[in-house]
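Everything below concerns the one structure shown next.
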Amino acid sequence: MSEQGGWPRGVTAITLFVEDLAGCKQFYRETFGLPVAYEDDASAVFKFGDLMVNLLDVASAPGLIAPAPVGGADAGRRFQLTVEVDDVDALYAELTGRGVEFVNGPMDRPWGIRTAAFADPAGHIWEIAK
């Protein structure tokens with residue numbers, strides 16, 4: 001299939017299940033400096049360029065993915081989201097100064113990029129990379 005008429009056309013949205021919607025919404029506003037693009041009682045959407053990140057209250061998740069089960073936050077991490085930045089060290093210092101706790105980095109990776117990673121309040125891992 002070609003990208004013009006079929007799929008894939010790109011990822012447009014990622015939905016993250018969260019236990020504390022209000023806390024995660026505040027974290028995303030403060031950490032990424034983004035406004036809420038859409039919200040209702042069960043979700044809050046932030047736009048990262050053309051990508052929408054939807055924070056969905058975990059209680060509403062079964063309605064989206066049933067009959068698949070919703071995993072708990074204690075199941076371990078199965079992915080990370082990466083944001084390209086101009087200067088990993090400068091952003092690391094800025095975010096650390098604002099109270100963001102990093103799980104690793106900054107560090108030079110063997111594949112030639114510099115990275116640092118932190119978790120949102122629901123445990124989703126975000127990496128900044130250059």
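In the structure tokens, chains take the letters A, B, ... in the order shown, each chain's residues start at 1, and ligands count up from 1 in the order shown.
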
DSSP on the backbone, then: every residue of region 8-118 of chain A marked alpha helix (DSSP H), written as a PyMOL selection string.
chain A and resi 21-32+61-65+88-97

Quick one: which region 66-92 of chain A residues come within 12 Å of region 28-42 of chain A, and what is the nearest atom pair for each with the distance in Å to one decimal, counting only C-alpha atoms, rows ordered by chain and ascending number, as CSV?
residue,atom,partner,partner_atom,distance
A:Val83,CA,A:Phe32,CA,10.4
A:Val85,CA,A:Phe32,CA,11.7
A:Leu91,CA,A:Thr31,CA,10.4
A:Tyr92,CA,A:Thr31,CA,11.0

Using N, CA and C atoms, can you export the residues from the last selection as a PDB file, in the first residue's frame?
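Result file is again.pdb:
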ATOM      1  N   VAL A  83      11.221  12.640  22.630  1.00  0.00           N
ATOM      2  CA  VAL A  83      11.052  13.980  22.082  1.00  0.00           C
ATOM      3  C   VAL A  83      12.438  14.492  21.713  1.00  0.00           C
ATOM      4  N   VAL A  85      15.125  17.229  21.105  1.00  0.00           N
ATOM      5  CA  VAL A  85      15.364  18.570  21.648  1.00  0.00           C
ATOM      6  C   VAL A  85      16.689  19.106  21.118  1.00  0.00           C
ATOM      7  N   LEU A  91      17.994  21.252  28.814  1.00  0.00           N
ATOM      8  CA  LEU A  91      16.616  20.935  29.175  1.00  0.00           C
ATOM      9  C   LEU A  91      16.574  20.073  30.434  1.00  0.00           C
ATOM     10  N   TYR A  92      17.530  19.173  30.576  1.00  0.00           N
ATOM     11  CA  TYR A  92      17.636  18.374  31.809  1.00  0.00           C
ATOM     12  C   TYR A  92      17.773  19.304  33.015  1.00  0.00           C
TER      13      TYR A  92
END

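Minimum distance to Gly71 (chain A) across A:Leu21, A:Leu16, A:Val11, A:Ile128 (counting only C-alpha atoms) occurs at A:Leu16.
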
From a DSSP calculation on the backbone, collect every residue of chain A in strand (DSSP E or B) and output the set as a ChimeraX atom specification.
/A:13-18,38-39,43-48,51-57,80-84,102-108,114-119,125-129

Residues within 8 Å of region 124-127 of chain A, please, as a PDB file with N, CA and C atoms, in the first residue's frame. Count only C-alpha atoms; anything in the same chain fewer than 5 positions from it doesn't count.
ATOM      1  N   LEU A  16      -2.710   7.393  26.656  1.00  0.00           N
ATOM      2  CA  LEU A  16      -2.041   6.871  27.838  1.00  0.00           C
ATOM      3  C   LEU A  16      -3.070   6.763  28.957  1.00  0.00           C
ATOM      4  N   ARG A  77       7.265  -1.170  32.700  1.00  0.00           N
ATOM      5  CA  ARG A  77       7.233  -0.269  31.551  1.00  0.00           C
ATOM      6  C   ARG A  77       7.428  -1.070  30.284  1.00  0.00           C
ATOM      7  N   PHE A  79       7.193   0.683  27.041  1.00  0.00           N
ATOM      8  CA  PHE A  79       7.552   1.583  25.949  1.00  0.00           C
ATOM      9  C   PHE A  79       8.067   2.885  26.537  1.00  0.00           C
ATOM     10  N   GLN A  80       8.662   3.694  25.662  1.00  0.00           N
ATOM     11  CA  GLN A  80       8.984   5.064  26.039  1.00  0.00           C
ATOM     12  C   GLN A  80       8.693   5.955  24.852  1.00  0.00           C
ATOM     13  N   LEU A  81       8.390   7.207  25.131  1.00  0.00           N
ATOM     14  CA  LEU A  81       8.129   8.206  24.104  1.00  0.00           C
ATOM     15  C   LEU A  81       9.337   9.130  24.058  1.00  0.00           C
ATOM     16  N   THR A  82       9.822   9.428  22.874  1.00  0.00           N
ATOM     17  CA  THR A  82      11.024  10.238  22.716  1.00  0.00           C
ATOM     18  C   THR A  82      10.687  11.563  22.051  1.00  0.00           C
ATOM     19  N   VAL A  83      11.221  12.640  22.630  1.00  0.00           N
ATOM     20  CA  VAL A  83      11.052  13.980  22.082  1.00  0.00           C
ATOM     21  C   VAL A  83      12.438  14.492  21.713  1.00  0.00           C
ATOM     22  N   THR A 115      20.858  11.271  25.608  1.00  0.00           N
ATOM     23  CA  THR A 115      19.499  11.136  26.103  1.00  0.00           C
ATOM     24  C   THR A 115      19.422  11.332  27.613  1.00  0.00           C
ATOM     25  N   ALA A 116      18.208  11.568  28.071  1.00  0.00           N
ATOM     26  CA  ALA A 116      17.851  11.558  29.490  1.00  0.00           C
ATOM     27  C   ALA A 116      16.376  11.193  29.534  1.00  0.00           C
ATOM     28  N   ALA A 117      15.957  10.461  30.564  1.00  0.00           N
ATOM     29  CA  ALA A 117      14.572   9.998  30.627  1.00  0.00           C
ATOM     30  C   ALA A 117      13.944  10.289  31.984  1.00  0.00           C
ATOM     31  N   PHE A 118      12.646  10.590  31.952  1.00  0.00           N
ATOM     32  CA  PHE A 118      11.867  10.815  33.169  1.00  0.00           C
ATOM     33  C   PHE A 118      10.509  10.140  33.006  1.00  0.00           C
ATOM     34  N   ALA A 119       9.805   9.982  34.111  1.00  0.00           N
ATOM     35  CA  ALA A 119       8.478   9.367  34.085  1.00  0.00           C
ATOM     36  C   ALA A 119       7.421  10.401  34.459  1.00  0.00           C
TER      37      ALA A 119
END

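Minimum distance to Phe48 (chain A) across A:Ala73, A:Cys24, A:Ala13, A:Ala66 (counting only C-alpha atoms) occurs at A:Ala13.
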
Between CA of Gly123 (chain A) and CA of Gln26 (chain A), what is the distance in Å, rounded to a tenth?
14.6 Å

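Compared by their closest atoms to Phe17 (chain A), and using only C-alpha atoms, the residues A:Gly49, A:Met107, A:Ala68, A:Ala59 rank with A:Ala59 nearest.
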
A:Pro67, A:Lys25, A:Glu84, A:Met52: which is nearest Gly10 (chain A), counting only C-alpha atoms?
A:Met52

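Of the residues under consideration (A:Ala122, A:Ile113, A:Ile65, A:Val45), A:Ala122 shows the shortest atom-to-atom contact distance to Val18 (chain A) when counting only C-alpha atoms.
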